[in-house]
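Note: the block below is input05.pdb and it holds PDB, C-alpha atoms and all ligand atoms.
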MODEL        1
ATOM      1  CA  MET A  21     154.258  31.850 -62.849  1.00  0.00           C
ATOM      2  CA  SER A  22     156.468  32.173 -65.880  1.00  0.00           C
ATOM      3  CA  GLU A  23     159.716  34.035 -66.016  1.00  0.00           C
ATOM      4  CA  CYS A  24     159.099  37.369 -67.591  1.00  0.00           C
ATOM      5  CA  GLY A  25     162.541  38.929 -67.649  1.00  0.00           C
ATOM      6  CA  CYS A  26     161.549  41.848 -65.500  1.00  0.00           C
ATOM      7  CA  SER A  27     164.034  40.829 -62.859  1.00  0.00           C
ATOM      8  CA  ASN A  28     166.944  42.185 -64.854  1.00  0.00           C
ATOM      9  CA  THR A  29     166.361  45.607 -63.405  1.00  0.00           C
ATOM     10  CA  LYS A  30     167.663  46.186 -59.930  1.00  0.00           C
ATOM     11  CA  GLY A  31     166.696  49.757 -59.433  1.00  0.00           C
ATOM     12  CA  THR A  32     169.298  51.101 -61.784  1.00  0.00           C
ATOM     13  CA  GLY A  33     168.492  52.957 -64.932  1.00  0.00           C
ATOM     14  CA  VAL A  34     165.080  54.241 -65.820  1.00  0.00           C
ATOM     15  CA  GLY A  35     161.959  52.200 -65.425  1.00  0.00           C
ATOM     16  CA  GLY A  36     161.706  48.942 -63.571  1.00  0.00           C
ATOM     17  CA  PRO A  37     159.535  47.064 -61.126  1.00  0.00           C
ATOM     18  CA  LEU A  38     161.163  48.883 -58.210  1.00  0.00           C
ATOM     19  CA  SER A  39     160.487  52.327 -59.574  1.00  0.00           C
ATOM     20  CA  LYS A  40     158.246  54.830 -57.891  1.00  0.00           C
ATOM     21  CA  GLY A  41     155.418  57.030 -59.051  1.00  0.00           C
ATOM     22  CA  LYS A  42     155.060  57.852 -62.705  1.00  0.00           C
ATOM     23  CA  VAL A  43     158.138  55.847 -63.665  1.00  0.00           C
ATOM     24  CA  LEU A  44     156.585  52.670 -62.283  1.00  0.00           C
ATOM     25  CA  VAL A  45     153.264  53.423 -63.958  1.00  0.00           C
ATOM     26  CA  GLU A  46     154.995  53.884 -67.291  1.00  0.00           C
ATOM     27  CA  PHE A  47     157.002  50.715 -66.725  1.00  0.00           C
ATOM     28  CA  VAL A  48     153.853  48.675 -66.153  1.00  0.00           C
ATOM     29  CA  TYR A  49     152.134  50.367 -69.069  1.00  0.00           C
ATOM     30  CA  ASN A  50     154.920  49.411 -71.435  1.00  0.00           C
ATOM     31  CA  ALA A  51     155.871  46.049 -69.908  1.00  0.00           C
ATOM     32  CA  HIS A  52     155.838  43.197 -72.378  1.00  0.00           C
ATOM     33  CA  GLY A  53     154.624  45.411 -75.151  1.00  0.00           C
ATOM     34  CA  GLY A  54     151.541  46.390 -73.185  1.00  0.00           C
ATOM     35  CA  ALA A  55     150.480  42.826 -72.423  1.00  0.00           C
ATOM     36  CA  VAL A  56     150.729  43.231 -68.656  1.00  0.00           C
ATOM     37  CA  ARG A  57     148.718  46.310 -67.923  1.00  0.00           C
ATOM     38  CA  ASP A  58     145.298  44.813 -68.662  1.00  0.00           C
ATOM     39  CA  GLN A  59     145.869  41.529 -66.855  1.00  0.00           C
ATOM     40  CA  LEU A  60     144.019  40.819 -63.645  1.00  0.00           C
ATOM     41  CA  ILE A  61     146.241  41.014 -60.594  1.00  0.00           C
ATOM     42  CA  SER A  62     147.321  37.463 -59.837  1.00  0.00           C
ATOM     43  CA  ALA A  63     146.844  37.861 -56.103  1.00  0.00           C
ATOM     44  CA  GLY A  64     143.372  39.317 -56.543  1.00  0.00           C
ATOM     45  CA  ALA A  65     142.009  42.817 -56.829  1.00  0.00           C
ATOM     46  CA  LEU A  66     143.391  45.425 -54.470  1.00  0.00           C
ATOM     47  CA  THR A  67     141.266  47.903 -52.595  1.00  0.00           C
ATOM     48  CA  ILE A  68     143.247  51.108 -52.459  1.00  0.00           C
ATOM     49  CA  VAL A  69     142.750  54.766 -51.783  1.00  0.00           C
ATOM     50  CA  CYS A  70     143.387  57.101 -54.678  1.00  0.00           C
ATOM     51  CA  GLN A  71     146.502  59.096 -54.012  1.00  0.00           C
ATOM     52  CA  GLY A  72     145.059  61.986 -55.948  1.00  0.00           C
ATOM     53  CA  CYS A  73     141.575  62.447 -54.474  1.00  0.00           C
ATOM     54  CA  GLN A  74     141.497  59.989 -51.538  1.00  0.00           C
ATOM     55  CA  THR A  75     138.572  58.035 -52.996  1.00  0.00           C
ATOM     56  CA  GLN A  76     138.632  54.327 -52.312  1.00  0.00           C
ATOM     57  CA  PHE A  77     138.502  52.178 -55.398  1.00  0.00           C
ATOM     58  CA  THR A  78     139.361  48.694 -56.562  1.00  0.00           C
ATOM     59  CA  LEU A  79     142.419  48.062 -58.671  1.00  0.00           C
ATOM     60  CA  LYS A  80     141.634  44.906 -60.623  1.00  0.00           C
ATOM     61  CA  THR A  81     144.419  45.024 -63.176  1.00  0.00           C
ATOM     62  CA  TYR A  82     148.074  45.960 -62.867  1.00  0.00           C
ATOM     63  CA  LEU A  83     147.273  49.375 -64.221  1.00  0.00           C
ATOM     64  CA  GLY A  84     144.035  51.119 -63.451  1.00  0.00           C
ATOM     65  CA  THR A  85     142.416  54.461 -62.994  1.00  0.00           C
ATOM     66  CA  CYS A  86     140.486  55.976 -60.127  1.00  0.00           C
ATOM     67  CA  SER A  87     136.754  55.831 -60.715  1.00  0.00           C
ATOM     68  CA  ASN A  88     136.372  59.362 -59.404  1.00  0.00           C
ATOM     69  CA  CYS A  89     139.226  61.468 -60.745  1.00  0.00           C
ATOM     70  CA  GLY A  90     140.806  59.212 -63.343  1.00  0.00           C
ATOM     71  CA  GLY A  91     144.158  59.223 -61.585  1.00  0.00           C
ATOM     72  CA  VAL A  92     146.396  56.515 -62.999  1.00  0.00           C
ATOM     73  CA  HIS A  93     147.722  53.904 -60.579  1.00  0.00           C
ATOM     74  CA  ALA A  94     149.813  50.814 -61.179  1.00  0.00           C
ATOM     75  CA  VAL A  95     151.460  48.025 -59.245  1.00  0.00           C
ATOM     76  CA  ALA A  96     154.432  45.888 -60.194  1.00  0.00           C
ATOM     77  CA  PRO A  97     153.394  42.334 -61.146  1.00  0.00           C
ATOM     78  CA  MET A  98     156.122  40.828 -58.976  1.00  0.00           C
ATOM     79  CA  ASN A  99     154.742  42.135 -55.721  1.00  0.00           C
ATOM     80  CA  PRO A 100     151.148  43.270 -56.118  1.00  0.00           C
ATOM     81  CA  CYS A 101     150.002  44.574 -52.780  1.00  0.00           C
ATOM     82  CA  ALA A 102     148.314  47.784 -51.786  1.00  0.00           C
ATOM     83  CA  GLU A 103     151.487  49.196 -50.259  1.00  0.00           C
ATOM     84  CA  ASN A 104     153.261  48.948 -53.587  1.00  0.00           C
ATOM     85  CA  VAL A 105     150.678  50.748 -55.669  1.00  0.00           C
ATOM     86  CA  GLN A 106     152.159  53.808 -57.309  1.00  0.00           C
ATOM     87  CA  PHE A 107     150.355  56.922 -58.461  1.00  0.00           C
ATOM     88  CA  ALA A 108     151.385  58.654 -61.649  1.00  0.00           C
ATOM     89  CA  GLY A 109     150.467  62.066 -60.338  1.00  0.00           C
ATOM     90  CA  LYS A 110     147.713  64.533 -60.999  1.00  0.00           C
ATOM     91  CA  GLY A 111     147.302  65.450 -64.619  1.00  0.00           C
ATOM     92  CA  PHE A 112     149.036  62.349 -65.930  1.00  0.00           C
ATOM     93  CA  GLU A 113     147.250  60.792 -68.876  1.00  0.00           C
ATOM     94  CA  LEU A 114     148.008  57.539 -70.576  1.00  0.00           C
ATOM     95  CA  PRO A 115     149.364  57.823 -74.102  1.00  0.00           C
TER
HETATM   96 ZN    ZN A 201     141.033  59.767 -57.573  1.00  0.00          ZN
ENDMDL
END
If you convert what's in this file into structure tokens, what do you get?
Ligand SMILES: [Zn+2]
Amino acid sequence: MSECGCSNTKGTGVGGPLSKGKVLVEFVYNAHGGAVRDQLISAGALTIVCQGCQTQFTLKTYLGTCSNCGGVHAVAPMNPCAENVQFAGKGFELP
């Protein structure tokens, strides 16, 4: 594991690894100039239930979409577990 500088956010301000919902998704999307979002989750893929349509799917990378409804989900690289997966909300589309 290399230091990535993400730890300088402690829940203050906008966007950080402790954010919730769409803010966290956007944080992961933009983290390190977009280099994080397509990386495989270090701890292994997570099996989660879509928070938009309740379909179970596998989140392989830190940012992924539901195979059924396209709902955007993301998890912070520091603590990638199913409980920490955040949903951007219905209707959210990646830039
Ligand atoms: Zn879905």
Residue list as a ChimeraX atom specification for point (136.1, 54.2, -59.4), cut-off 12 Å, only C-alpha atoms: /A:67-70,73-80,84-93
Selection result of the PyMOL selection byres (((chain A and resi 100-112) around 8) and not hetatm) on this file, as a JSON list (two decimals) with C-alpha atoms, keeping the file's coordinate frame:
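Just written: result02.json:
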[["chain", "number", "residue", "atom", "x", "y", "z"],
["A", 40, "LYS", "CA", 158.25, 54.83, -57.89],
["A", 41, "GLY", "CA", 155.42, 57.03, -59.05],
["A", 42, "LYS", "CA", 155.06, 57.85, -62.70],
["A", 43, "VAL", "CA", 158.14, 55.85, -63.66],
["A", 44, "LEU", "CA", 156.58, 52.67, -62.28],
["A", 45, "VAL", "CA", 153.26, 53.42, -63.96],
["A", 61, "ILE", "CA", 146.24, 41.01, -60.59],
["A", 62, "SER", "CA", 147.32, 37.46, -59.84],
["A", 63, "ALA", "CA", 146.84, 37.86, -56.10],
["A", 66, "LEU", "CA", 143.39, 45.42, -54.47],
["A", 67, "THR", "CA", 141.27, 47.90, -52.60],
["A", 68, "ILE", "CA", 143.25, 51.11, -52.46],
["A", 70, "CYS", "CA", 143.39, 57.10, -54.68],
["A", 71, "GLN", "CA", 146.50, 59.10, -54.01],
["A", 72, "GLY", "CA", 145.06, 61.99, -55.95],
["A", 82, "TYR", "CA", 148.07, 45.96, -62.87],
["A", 91, "GLY", "CA", 144.16, 59.22, -61.58],
["A", 92, "VAL", "CA", 146.40, 56.52, -63.00],
["A", 93, "HIS", "CA", 147.72, 53.90, -60.58],
["A", 94, "ALA", "CA", 149.81, 50.81, -61.18],
["A", 95, "VAL", "CA", 151.46, 48.02, -59.24],
["A", 96, "ALA", "CA", 154.43, 45.89, -60.19],
["A", 97, "PRO", "CA", 153.39, 42.33, -61.15],
["A", 98, "MET", "CA", 156.12, 40.83, -58.98],
["A", 99, "ASN", "CA", 154.74, 42.14, -55.72],
["A", 113, "GLU", "CA", 147.25, 60.79, -68.88],
["A", 114, "LEU", "CA", 148.01, 57.54, -70.58]]
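If you look at CA of Gly53 in chain A and CA of Thr81 in chain A, they are 15.7 Å away from each other.
For the file shown, the residue list from the PyMOL selection byres (((chain A and resi 57) around 7) and not hetatm) reads Val48, Tyr49, Gly54, Ala55, Val56, Asp58, Gln59, Thr81, Tyr82 and Leu83 of chain A.
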Got time to write the residues from that selection, C-alpha atoms, as a PDB file, keeping the file's coordinate frame?
ATOM      1  CA  VAL A  48     153.853  48.675 -66.153  1.00  0.00           C
ATOM      2  CA  TYR A  49     152.134  50.367 -69.069  1.00  0.00           C
ATOM      3  CA  GLY A  54     151.541  46.390 -73.185  1.00  0.00           C
ATOM      4  CA  ALA A  55     150.480  42.826 -72.423  1.00  0.00           C
ATOM      5  CA  VAL A  56     150.729  43.231 -68.656  1.00  0.00           C
ATOM      6  CA  ASP A  58     145.298  44.813 -68.662  1.00  0.00           C
ATOM      7  CA  GLN A  59     145.869  41.529 -66.855  1.00  0.00           C
ATOM      8  CA  THR A  81     144.419  45.024 -63.176  1.00  0.00           C
ATOM      9  CA  TYR A  82     148.074  45.960 -62.867  1.00  0.00           C
ATOM     10  CA  LEU A  83     147.273  49.375 -64.221  1.00  0.00           C
TER      11      LEU A  83
END
